[in-house]
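Visitor: Below you'll find input.tsv; it's TSV, C-alpha atoms and all ligand atoms.
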```tsv
chain	number	residue	atom	x	y	z
W	28	MET	CA	117.58	114.39	98.67
W	29	SER	CA	115.27	113.35	101.46
W	30	LYS	CA	114.16	110.81	103.99
W	31	LEU	CA	110.63	109.36	103.81
W	32	THR	CA	108.78	108.15	106.89
W	33	VAL	CA	105.52	106.20	106.72
W	34	GLU	CA	103.84	105.73	110.12
W	35	ARG	CA	101.01	103.31	110.85
W	36	LEU	CA	99.38	103.94	107.49
W	37	SER	CA	96.05	102.25	106.70
W	38	ARG	CA	93.69	102.53	103.75
W	39	ARG	CA	90.25	100.98	103.81
W	40	PHE	CA	87.82	100.74	100.91
W	41	GLY	CA	84.47	99.88	102.53
W	42	ALA	CA	85.00	96.69	104.51
W	43	GLN	CA	88.31	95.87	102.77
W	44	THR	CA	91.58	96.96	104.42
W	45	VAL	CA	94.00	97.32	101.53
W	46	VAL	CA	96.92	98.86	103.44
W	47	ASN	CA	96.99	97.64	107.03
W	48	ASP	CA	98.95	99.58	109.66
W	49	VAL	CA	102.17	99.85	107.65
W	50	SER	CA	105.28	101.65	108.93
W	51	PHE	CA	108.68	102.00	107.28
W	52	GLU	CA	111.40	104.51	106.54
W	53	ILE	CA	113.51	105.16	103.45
W	54	ALA	CA	116.86	106.75	104.15
W	55	ASP	CA	118.22	109.67	102.14
W	56	GLY	CA	119.39	108.32	98.78
W	57	GLU	CA	118.14	104.81	99.43
W	58	PHE	CA	116.43	102.58	96.84
W	59	LEU	CA	113.63	100.68	98.56
W	60	THR	CA	111.35	98.26	96.72
W	61	LEU	CA	107.83	97.19	97.60
W	62	LEU	CA	107.58	93.61	96.34
W	63	GLY	CA	104.40	91.60	96.48
W	64	PRO	CA	101.71	89.76	94.54
W	65	SER	CA	98.97	91.49	92.59
W	66	GLY	CA	96.41	93.24	94.79
W	67	CYS	CA	98.56	93.37	97.96
W	68	GLY	CA	98.34	97.17	98.15
W	69	LYS	CA	101.52	98.41	96.40
W	70	THR	CA	99.91	101.02	94.13
W	71	THR	CA	97.62	102.17	96.94
W	72	MET	CA	100.71	102.84	99.06
W	73	LEU	CA	102.40	104.82	96.26
W	74	SER	CA	99.26	106.84	95.56
W	75	ALA	CA	99.08	107.77	99.26
W	76	ILE	CA	102.67	109.03	99.22
W	77	ALA	CA	102.18	110.91	95.95
W	78	GLY	CA	99.02	112.53	97.34
W	79	LEU	CA	96.70	111.03	94.75
W	80	ASP	CA	94.71	109.14	97.37
W	81	ALA	CA	93.99	109.89	101.03
W	82	PRO	CA	94.65	107.03	103.47
W	83	THR	CA	92.20	106.29	106.30
W	84	SER	CA	94.74	106.72	109.10
W	85	GLY	CA	98.43	107.26	109.75
W	86	ARG	CA	101.11	109.79	108.84
W	87	ILE	CA	103.58	110.37	105.98
W	88	LEU	CA	106.59	112.63	106.50
W	89	ILE	CA	109.39	113.87	104.27
W	90	ASP	CA	112.47	114.94	106.23
W	91	GLY	CA	110.38	114.93	109.40
W	92	GLU	CA	107.73	117.31	107.96
W	93	PRO	CA	104.23	115.81	107.68
W	94	ILE	CA	102.80	115.79	104.15
W	95	PHE	CA	99.87	113.71	105.36
W	96	ASP	CA	98.48	113.28	108.87
W	97	ALA	CA	94.99	111.79	109.16
W	98	ALA	CA	94.62	112.81	112.81
W	99	ARG	CA	95.46	116.48	112.07
W	100	ASP	CA	93.60	116.73	108.77
W	101	CYS	CA	96.87	117.52	107.01
W	102	ASN	CA	96.98	116.49	103.35
W	103	LEU	CA	99.36	118.40	101.09
W	104	PRO	CA	98.23	118.42	97.43
W	105	PRO	CA	100.44	116.39	95.04
W	106	GLU	CA	102.07	119.44	93.40
W	107	ARG	CA	103.31	120.70	96.79
W	108	ARG	CA	104.91	117.41	97.82
W	109	GLN	CA	107.82	117.58	95.36
W	110	VAL	CA	107.48	113.91	94.60
W	111	GLY	CA	108.10	112.51	91.09
W	112	MET	CA	106.00	109.56	89.97
W	113	VAL	CA	106.22	107.18	87.02
W	114	PHE	CA	103.17	105.03	86.50
W	115	GLN	CA	102.85	101.47	85.30
W	116	SER	CA	101.54	102.73	81.95
W	117	TYR	CA	103.99	105.48	81.11
W	118	ALA	CA	101.23	107.81	79.93
W	119	LEU	CA	103.05	110.41	77.87
W	120	TRP	CA	100.67	112.89	76.29
W	121	PRO	CA	100.42	111.67	72.68
W	122	HIS	CA	99.73	115.11	71.16
W	123	MET	CA	102.85	116.66	72.77
W	124	LYS	CA	106.43	116.36	71.59
W	125	VAL	CA	109.04	114.96	74.01
W	126	ARG	CA	110.11	118.54	74.83
W	127	ASP	CA	106.58	119.55	75.85
W	128	ASN	CA	105.93	116.37	77.78
W	129	VAL	CA	109.02	116.99	79.89
W	130	ALA	CA	108.18	120.71	80.21
W	131	PHE	CA	104.74	119.98	81.58
W	132	PRO	CA	105.60	119.61	85.31
W	133	LEU	CA	107.65	122.83	85.07
W	134	ARG	CA	104.77	124.71	83.50
W	135	MET	CA	102.47	123.42	86.25
W	136	ARG	CA	104.85	125.10	88.68
W	137	GLY	CA	104.72	128.42	86.80
W	138	ILE	CA	108.15	128.16	85.14
W	139	SER	CA	108.17	129.65	81.63
W	140	MET	CA	109.27	127.61	78.63
W	141	ALA	CA	112.25	129.98	78.11
W	142	GLN	CA	113.49	129.42	81.66
W	143	ALA	CA	112.84	125.71	81.48
W	144	GLN	CA	115.10	124.86	78.50
W	145	ASP	CA	118.19	123.97	80.51
W	146	LYS	CA	116.26	121.76	82.92
W	147	ILE	CA	114.56	119.92	80.05
W	148	ARG	CA	117.89	119.24	78.33
W	149	TRP	CA	119.44	118.13	81.63
W	150	ALA	CA	116.63	115.65	82.35
W	151	LEU	CA	116.66	114.27	78.81
W	152	SER	CA	120.44	113.89	78.81
W	153	LEU	CA	120.24	111.86	82.04
W	154	VAL	CA	118.20	109.23	80.24
W	155	GLU	CA	120.12	109.71	76.96
W	156	MET	CA	117.06	110.98	75.10
W	157	GLU	CA	118.20	114.48	74.12
W	158	PRO	CA	118.38	113.64	70.40
W	159	TYR	CA	114.67	112.76	70.46
W	160	ILE	CA	113.51	116.09	71.89
W	161	ASP	CA	111.34	116.99	68.88
W	162	ARG	CA	109.69	113.62	68.37
W	163	TYR	CA	106.15	112.62	69.27
W	164	PRO	CA	105.61	109.62	71.59
W	165	HIS	CA	104.32	107.42	68.74
W	166	GLU	CA	107.70	107.93	67.01
W	167	LEU	CA	109.52	106.29	69.96
W	168	SER	CA	109.94	102.67	71.10
W	169	GLY	CA	108.39	101.53	74.39
W	170	GLY	CA	111.74	101.74	76.15
W	171	GLN	CA	112.37	105.25	74.83
W	172	GLN	CA	108.93	106.39	75.96
W	173	GLN	CA	109.71	104.96	79.37
W	174	ARG	CA	112.88	107.04	79.56
W	175	VAL	CA	110.98	110.19	78.65
W	176	ALA	CA	108.46	109.41	81.40
W	177	LEU	CA	111.37	109.14	83.82
W	178	ALA	CA	112.87	112.44	82.60
W	179	ARG	CA	109.47	114.08	83.06
W	180	ALA	CA	109.30	112.82	86.66
W	181	MET	CA	112.81	114.08	87.44
W	182	VAL	CA	112.87	117.40	85.61
W	183	TYR	CA	111.93	119.65	88.52
W	184	GLY	CA	114.27	117.96	91.02
W	185	PRO	CA	111.83	115.97	93.18
W	186	ARG	CA	112.77	115.06	96.75
W	187	LEU	CA	111.55	111.52	96.18
W	188	MET	CA	110.89	109.25	93.19
W	189	LEU	CA	107.98	106.85	93.14
W	190	LEU	CA	108.16	104.24	90.39
W	191	ASP	CA	105.19	101.90	89.91
W	192	GLU	CA	106.30	98.91	87.82
W	193	PRO	CA	107.95	101.26	85.32
W	194	LEU	CA	109.45	98.42	83.27
W	195	SER	CA	106.40	96.18	83.05
W	196	ASN	CA	105.38	97.31	79.56
W	197	LEU	CA	108.75	96.41	78.07
W	198	ASP	CA	109.66	93.10	76.46
W	199	ALA	CA	112.04	90.80	78.35
W	200	LYS	CA	115.25	91.92	76.60
W	201	LEU	CA	114.53	95.63	76.79
W	202	ARG	CA	113.49	95.21	80.40
W	203	LEU	CA	116.93	93.86	81.28
W	204	ARG	CA	118.64	96.80	79.55
W	205	ALA	CA	116.27	99.31	81.16
W	206	ARG	CA	116.96	97.76	84.56
W	207	GLY	CA	120.67	98.42	84.00
W	208	TRP	CA	120.34	102.11	83.18
W	209	LEU	CA	117.77	102.68	85.91
W	210	LYS	CA	120.22	101.37	88.49
W	211	GLU	CA	123.06	103.45	87.04
W	212	LEU	CA	120.91	106.56	87.06
W	213	GLN	CA	119.82	106.08	90.65
W	214	GLN	CA	123.40	105.51	91.76
W	215	LYS	CA	124.54	108.63	89.94
W	216	LEU	CA	121.82	110.90	91.35
W	217	ARG	CA	121.40	109.14	94.74
W	218	ILE	CA	117.76	110.16	94.70
W	219	THR	CA	115.57	108.58	97.39
W	220	THR	CA	113.45	106.05	95.50
W	221	LEU	CA	110.43	103.88	96.25
W	222	TYR	CA	110.06	101.25	93.56
W	223	VAL	CA	107.17	98.86	93.06
W	224	THR	CA	107.37	95.51	91.34
W	225	HIS	CA	106.09	91.97	91.58
W	226	ASP	CA	109.22	90.69	89.82
W	227	GLN	CA	111.53	89.30	92.49
W	228	THR	CA	114.66	89.28	90.32
W	229	GLU	CA	114.17	92.94	89.49
W	230	ALA	CA	113.78	93.69	93.20
W	231	LEU	CA	116.89	91.71	94.17
W	232	VAL	CA	119.05	93.39	91.50
W	233	LEU	CA	117.94	96.99	91.97
W	234	SER	CA	117.25	97.51	95.66
W	235	ASP	CA	119.20	98.55	98.74
W	236	ARG	CA	116.34	97.05	100.77
W	237	ILE	CA	113.12	95.23	99.92
W	238	ALA	CA	109.78	95.31	101.74
W	239	VAL	CA	107.79	92.20	100.89
W	240	MET	CA	104.05	92.91	101.11
W	241	GLN	CA	101.17	90.50	101.49
W	242	ASN	CA	97.52	91.41	102.15
W	243	GLY	CA	98.30	95.05	102.88
W	244	ARG	CA	101.08	94.37	105.37
W	245	ILE	CA	104.86	94.30	105.19
W	246	GLU	CA	105.93	90.74	105.99
W	247	GLN	CA	109.65	91.43	106.01
W	248	LEU	CA	111.86	94.42	105.27
W	249	ALA	CA	115.49	93.54	104.68
W	250	SER	CA	118.42	93.71	102.27
W	251	PRO	CA	118.20	91.46	99.19
W	252	VAL	CA	120.79	89.03	100.57
W	253	GLU	CA	119.15	88.89	104.00
W	254	LEU	CA	115.75	88.27	102.43
W	255	TYR	CA	117.03	85.54	100.16
W	256	GLU	CA	119.10	83.77	102.80
W	257	HIS	CA	116.98	84.36	105.89
W	258	PRO	CA	113.32	84.56	104.90
W	259	GLN	CA	111.06	85.04	107.94
W	260	SER	CA	108.08	83.12	106.60
W	261	ALA	CA	107.20	80.39	104.13
W	262	PHE	CA	105.42	82.97	101.97
W	263	ILE	CA	108.66	84.96	101.61
W	264	ALA	CA	110.78	81.87	100.99
W	265	ASP	CA	108.40	80.87	98.23
W	266	PHE	CA	107.88	84.35	96.77
W	267	VAL	CA	111.51	85.42	96.76
W	268	GLY	CA	113.24	82.18	95.88
W	269	HIS	CA	110.61	79.79	94.51
W	270	SER	CA	111.50	77.35	97.28
W	271	ASN	CA	110.13	73.87	97.64
W	272	LEU	CA	107.67	73.92	100.54
W	273	LEU	CA	107.39	70.45	102.04
W	274	ASN	CA	104.71	69.86	104.65
W	275	GLY	CA	105.77	68.06	107.81
W	276	VAL	CA	105.48	68.05	111.59
W	277	VAL	CA	108.02	69.55	114.03
W	278	GLN	CA	109.86	66.89	115.98
W	279	ASN	CA	111.98	68.87	118.37
W	280	GLY	CA	113.61	67.93	121.60
W	281	ALA	CA	116.70	66.45	120.03
W	282	ALA	CA	119.95	68.40	119.82
W	283	ARG	CA	119.08	69.50	116.30
W	284	ALA	CA	115.78	70.90	114.98
W	285	LYS	CA	113.96	68.21	113.03
W	286	VAL	CA	110.81	67.91	111.00
W	287	ARG	CA	109.05	64.68	110.13
W	288	PHE	CA	108.29	64.64	106.43
W	289	GLY	CA	106.38	61.61	105.17
W	290	GLU	CA	108.26	58.63	106.57
W	291	HIS	CA	111.50	60.63	106.83
W	292	VAL	CA	113.03	62.87	109.45
W	293	ILE	CA	114.73	65.97	108.08
W	294	ALA	CA	117.25	67.88	110.18
W	295	VAL	CA	116.89	71.57	109.45
W	296	GLU	CA	119.02	74.67	110.04
W	297	LYS	CA	116.31	76.28	112.16
W	298	ILE	CA	112.61	76.30	112.89
W	299	LEU	CA	110.84	79.65	112.91
W	300	ARG	CA	107.72	80.20	114.96
W	301	ALA	CA	106.67	76.54	115.22
W	302	ALA	CA	106.45	74.51	118.44
W	303	ASP	CA	107.07	70.81	118.91
W	304	GLY	CA	104.30	68.78	117.28
W	305	ALA	CA	103.08	71.71	115.14
W	306	ALA	CA	102.51	71.51	111.41
W	307	ALA	CA	105.45	73.06	109.59
W	308	ALA	CA	106.63	73.73	106.05
W	309	ILE	CA	110.25	73.00	105.21
W	310	ALA	CA	111.56	75.51	102.68
W	311	VAL	CA	114.49	74.41	100.54
W	312	ARG	CA	115.60	75.98	97.27
W	313	PRO	CA	115.80	73.76	94.20
W	314	GLU	CA	119.42	74.82	93.60
W	315	ASN	CA	120.43	73.64	97.10
W	316	ILE	CA	119.18	70.08	96.68
W	317	VAL	CA	121.76	67.41	95.87
W	318	LEU	CA	120.94	64.28	93.86
W	319	HIS	CA	122.78	60.97	94.18
W	320	ARG	CA	122.51	57.67	92.35
W	321	GLU	CA	122.64	55.91	95.74
W	322	ILE	CA	123.11	56.84	99.39
W	323	ALA	CA	126.83	57.31	100.06
W	324	ALA	CA	128.11	54.88	102.68
W	325	ASN	CA	129.71	57.74	104.60
W	326	ALA	CA	126.65	60.03	104.59
W	327	VAL	CA	126.68	61.68	108.02
W	328	ASP	CA	123.07	62.77	108.30
W	329	ARG	CA	121.33	59.80	106.71
W	330	CYS	CA	118.01	61.19	107.82
W	331	ASN	CA	118.26	63.94	105.19
W	332	PHE	CA	118.44	61.46	102.34
W	333	MET	CA	115.34	59.92	100.78
W	334	PRO	CA	114.58	57.84	97.75
W	335	GLY	CA	112.60	59.34	94.88
W	336	GLN	CA	111.48	58.80	91.32
W	337	ILE	CA	112.35	61.33	88.62
W	338	LEU	CA	109.10	62.21	86.89
W	339	GLN	CA	110.38	64.95	84.62
W	340	ARG	CA	113.64	66.52	83.50
W	341	ASP	CA	113.86	69.97	81.85
W	342	PHE	CA	117.03	71.33	80.31
W	343	LEU	CA	117.61	74.93	81.52
W	344	GLY	CA	120.85	75.67	79.68
W	345	ALA	CA	123.58	75.23	82.27
W	346	ARG	CA	121.46	73.04	84.57
W	347	TYR	CA	118.57	70.60	84.67
W	348	LEU	CA	115.34	71.01	86.58
W	349	TYR	CA	114.03	67.70	87.92
W	350	LEU	CA	110.58	66.94	89.30
W	351	ILE	CA	110.99	64.09	91.77
W	352	GLU	CA	108.27	62.15	93.54
W	353	THR	CA	109.09	61.18	97.15
W	354	SER	CA	106.97	59.60	99.87
W	355	GLY	CA	106.30	63.09	101.27
W	356	GLY	CA	105.43	64.85	98.02
W	357	ILE	CA	106.98	66.28	94.85
W	358	VAL	CA	110.39	67.97	95.12
W	359	ARG	CA	111.97	70.31	92.54
W	360	ALA	CA	115.75	70.05	92.21
W	361	GLU	CA	118.05	72.12	90.00
W	362	VAL	CA	121.42	70.46	89.42
W	363	ALA	CA	124.09	70.36	86.74
W	364	GLU	CA	124.38	66.55	86.51
W	365	HIS	CA	122.37	64.51	84.09
W	366	PHE	CA	120.20	61.72	85.55
W	367	GLU	CA	118.01	59.33	83.61
W	368	LYS	CA	114.38	59.06	84.58
W	369	GLY	CA	113.81	56.52	87.34
W	370	GLU	CA	115.19	56.08	90.84
W	371	VAL	CA	117.38	58.67	92.51
W	372	VAL	CA	118.41	59.62	96.06
W	373	VAL	CA	117.41	63.13	97.09
W	374	GLU	CA	119.55	64.90	99.67
W	375	LEU	CA	118.11	67.91	101.49
W	376	PRO	CA	121.24	69.38	103.16
W	377	ALA	CA	120.29	70.44	106.69
W	378	HIS	CA	122.04	73.82	106.36
W	379	ALA	CA	119.82	74.65	103.36
W	380	CYS	CA	116.51	73.75	105.06
W	381	VAL	CA	114.46	76.18	107.16
W	382	ALA	CA	111.10	75.23	108.65
W	383	PHE	CA	108.22	77.64	109.27
W	384	SER	CA	104.96	77.32	111.13
W	385	ARG	CA	102.25	76.46	108.59
W	386	ASP	CA	99.99	79.05	110.28
W	387	VAL	CA	102.41	81.70	109.03
W	388	ALA	CA	102.60	80.04	105.62
W	389	ALA	CA	98.82	80.15	105.19
A	401	LIG	N1	89.52	102.92	94.49
A	401	LIG	C1	89.39	101.67	94.96
A	401	LIG	N2	88.20	101.23	95.43
A	401	LIG	C2	88.06	99.98	95.93
A	401	LIG	N3	89.05	99.07	95.99
A	401	LIG	C3	90.25	99.44	95.52
A	401	LIG	C4	90.49	100.76	94.99
A	401	LIG	N4	91.79	100.85	94.61
A	401	LIG	C5	92.32	99.63	94.89
A	401	LIG	N5	91.41	98.80	95.43
A	401	LIG	C6	91.64	97.41	95.86
A	401	LIG	O1	92.75	97.42	96.73
A	401	LIG	C7	93.56	96.25	96.56
A	401	LIG	C8	94.99	96.65	96.33
A	401	LIG	O2	95.11	97.35	95.11
A	401	LIG	P1	96.50	97.89	94.57
A	401	LIG	O3	96.22	98.58	93.29
A	401	LIG	O4	97.16	98.68	95.62
A	401	LIG	O5	97.28	96.53	94.32
A	401	LIG	P2	98.77	96.29	93.74
A	401	LIG	O6	99.54	95.64	94.83
A	401	LIG	O7	99.28	97.55	93.17
A	401	LIG	O8	98.49	95.20	92.61
A	401	LIG	P3	99.11	95.03	91.10
A	401	LIG	O9	100.42	94.31	91.28
A	401	LIG	O10	98.10	94.18	90.43
A	401	LIG	O11	99.24	96.39	90.50
A	401	LIG	C9	92.92	95.48	95.41
A	401	LIG	O12	92.15	94.44	95.94
A	401	LIG	C10	92.07	96.52	94.73
A	401	LIG	O13	90.96	95.92	94.13
A	402	MG	MG	99.70	98.15	91.18
```
Would you mind writing the file out in structure tokens?
Guide:
Amino acid sequence: MSKLTVERLSRRFGAQTVVNDVSFEIADGEFLTLLGPSGCGKTTMLSAIAGLDAPTSGRILIDGEPIFDAARDCNLPPERRQVGMVFQSYALWPHMKVRDNVAFPLRMRGISMAQAQDKIRWALSLVEMEPYIDRYPHELSGGQQQRVALARAMVYGPRLMLLDEPLSNLDAKLRLRARGWLKELQQKLRITTLYVTHDQTEALVLSDRIAVMQNGRIEQLASPVELYEHPQSAFIADFVGHSNLLNGVVQNGAARAKVRFGEHVIAVEKILRAADGAAAAIAVRPENIVLHREIAANAVDRCNFMPGQILQRDFLGARYLYLIETSGGIVRAEVAEHFEKGEVVVELPAHACVAFSRDVAA
């Protein structure tokens, strides 16, 4: 079990900076996820840590020992880093049985097949694949192949696991099941893990902490709850919670932070990094919006109510998703009550609204 430290890491390909001065640490036994849209540099980061690609600058350390240091020309080859990696495509060798696939990393390290038997059985039993030891990959389902890939990465007791979208090839149902056993396995072994995904639900469910990446940088690194409840930018609010982002202008000065939105003034919980008069985006989650048939006479903060027209209603099972046109733009609201198409009053509760500078949102 080990601690990983990444210090000021950058990777440039020609003029493009794909990983841009990134620093973070993963504690011993921690499950940290890199979450971000396609092309933001997640795989490049993993490849650097695995030793499959050399960054342009920065350092990578395991337990304080450098495995890569651009300034000192230190670059340990992958097989000496003791890092297990599972790729997006699970890439088992098709001509080898499960047993031989899992034995491969041991053989690479000079361990004979006779000595390796116990380790192979241990790794396969962890992922409940021991009964399949003599099958070929094409005789297994996608989920089973994925488990074998995981056993192969763990068989020699790596100090660190790197998992690059390991569930992305599975169908939705299998993916949910695989997510469950992956979490169980990590909790049982407490192996330090760096996980990559662009699926926010997967990240929220699995991780101790999440680093949200955009354009080669970490925008925010926090626990799932912190990230969901206190996003530091409009990009994160949108990416992690599919928030409504409503464009307005900061109208501060009053006791409470306010943003002008169309012809309305919306009181918000807080305004991050936007000065008075600046363009701002109000982020509010669809599930936090309240719909009324009319404005209640005793509504305290009347400024957070505005009339709208329901354009569309989708049944989601336990709730409805409404698309509502207001004078400031279209708002998505997810509520349990049934409303007919037509007029409705939209309430944006102040405690559920956070405003961000639009410069940050861009
Ligand atoms: N060998 C390379 N040469 C040039 N550009 C590269 C190379 N490898 C990656 N890139 C570029 O670096 C950027 C980041 O790629 P990376 O594979 O790290 O993205 P990612 O976040 O893993 O995306 P995805 O979610 O699609 O897997 C992309 O724009 C990609 O085209
Ligand atoms: Mg990738």
Visitor: Considering all atoms listed in the file, give me a table of residues in chain W that are at most 8 Å from ligand MG 402 (chain A), with the closest atom pair and distance in Å for each, as JSON lines.
Guide:
```
{"residue": "W:Ser65", "atom": "CA", "partner": "A:MG402", "partner_atom": "MG", "distance": 6.8}
{"residue": "W:Gly66", "atom": "CA", "partner": "A:MG402", "partner_atom": "MG", "distance": 6.9}
{"residue": "W:Gly68", "atom": "CA", "partner": "A:MG402", "partner_atom": "MG", "distance": 7.2}
{"residue": "W:Lys69", "atom": "CA", "partner": "A:MG402", "partner_atom": "MG", "distance": 5.5}
{"residue": "W:Thr70", "atom": "CA", "partner": "A:MG402", "partner_atom": "MG", "distance": 4.1}
{"residue": "W:Thr71", "atom": "CA", "partner": "A:MG402", "partner_atom": "MG", "distance": 7.3}
{"residue": "W:Gln115", "atom": "CA", "partner": "A:MG402", "partner_atom": "MG", "distance": 7.5}
{"residue": "W:Asp191", "atom": "CA", "partner": "A:MG402", "partner_atom": "MG", "distance": 6.8}
{"residue": "W:Glu192", "atom": "CA", "partner": "A:MG402", "partner_atom": "MG", "distance": 7.4}
{"residue": "W:Val223", "atom": "CA", "partner": "A:MG402", "partner_atom": "MG", "distance": 7.7}
```
Visitor: Which residues are near ligand LIG 401 (chain A) in this structure, taking near to mean any atom at most 12 Å from a ligand atom and counting only C-alpha atoms and all ligand atoms? Format them as a ChimeraX atom specification.
Guide: /W:37-47,61-75,79-82,114-116,190-193,195,222-226,239-245
Visitor: Enter the distance from CA of Ala302 (chain W) to CA of Ala284 (chain W), in Å, rounded to one decimal.
Guide: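 Taking CA of Ala302 (chain W) as the start and CA of Ala284 (chain W) as the end point, the length is 10.6 Å.
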Visitor: So that I can see what lies close to Leu201 (chain W), please list as a ChimeraX atom specification the residues with an atom at most 8 Å from it, counting only C-alpha atoms and leaving out residues fewer than 4 positions away in the same chain.
Guide: /W:170,197,205
Visitor: Have a look at CA of Ile309 (chain W) and CA of Leu343 (chain W) and let me know their distance in Å, one decimal.
Guide: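 That distance, rounded to one decimal, is 24.9 Å.
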Visitor: If we count all atoms listed in the file, what is near Glu361 (chain W) at a cut-off of 6 Å, once residues fewer than 4 positions away on the same chain are taken out, given as a list in words?
Guide: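 Counting all atoms listed in the file, the residues come to Pro313, Glu314, Tyr347 and Leu348 of chain W.
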Visitor: If you count only C-alpha atoms, which residues fall within 10 Å of Asp161 (chain W), apart from same-chain ones fewer than 2 positions away, as an MDAnalysis selection string?
Guide: chainID W and resid 123:127 157:159 163:164 166
Visitor: Excluding Ala377 (chain W) and its own-chain neighbours fewer than 3 positions away, which residues fall within 12 Å of it when counting only C-alpha atoms? Please give them as a list in words.
Guide: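 Returned residues: Arg283, Ala284, Lys285, Val286, Val292, Ile293, Ala294, Val295, Glu296, Lys297, Ile298, Ile309, Ala310, Val311, Arg312, Asn315, Ile316, Val317, Val327, Asp328, Arg329, Cys330, Asn331, Phe332, Glu374, Cys380, Val381 and Ala382 of chain W.
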Visitor: Applying 7 Å and all atoms listed in the file, which residues near Pro334 (chain W) remain after dropping the ones on its own chain fewer than 5 positions away? List them as a ChimeraX atom specification.
Guide: /W:353,371-373
Visitor: Could you tell me which of W:Leu318, W:Leu189, W:Ala261, W:Ile94 comes closest to Ile53 (chain W) if we count only C-alpha atoms?
Guide: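 Using only C-alpha atoms, the shortest distance to Ile53 (chain W) belongs to W:Leu189.
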Visitor: Mind giving me the straight-line distance from CA of Asp235 (chain W) to CA of Pro251 (chain W) in Å, one decimal?
Guide: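 Atom-to-atom, CA of Asp235 (chain W) to CA of Pro251 (chain W), that is 7.2 Å.
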Visitor: Using all atoms listed in the file, which of W:Gln142, W:Ala264, W:Asp55, W:Lys368 sits nearest Gly91 (chain W)?
Guide: W:Asp55
Visitor: Please give the centre and size of the box around region 124-142 of chain W (axis-aligned, containing every atom listed in the file, 8 Å added per side), with values in Å to one decimal and written as lines of an AutoDock Vina configuration file.
Guide:
```
center_x = 108.0
center_y = 122.5
center_z = 80.1
size_x = 27.0
size_y = 31.0
size_z = 33.1
```
Visitor: Up to 8 Å from (108.9, 62.1, 97.4) in the file's coordinates: name the residues, counting only C-alpha atoms, as a list in words.
Guide: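 Checked against the point, the hits come out as Met333, Pro334, Gly335, Gln336, Ile351, Glu352, Thr353, Ser354, Gly355, Gly356, Ile357 and Val358 of chain W.
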Visitor: Measuring atom to atom with only C-alpha atoms, identify which of W:Leu233, W:Leu187, W:Ala307, W:Ala363 is nearest to Ala77 (chain W).
Guide: W:Leu187
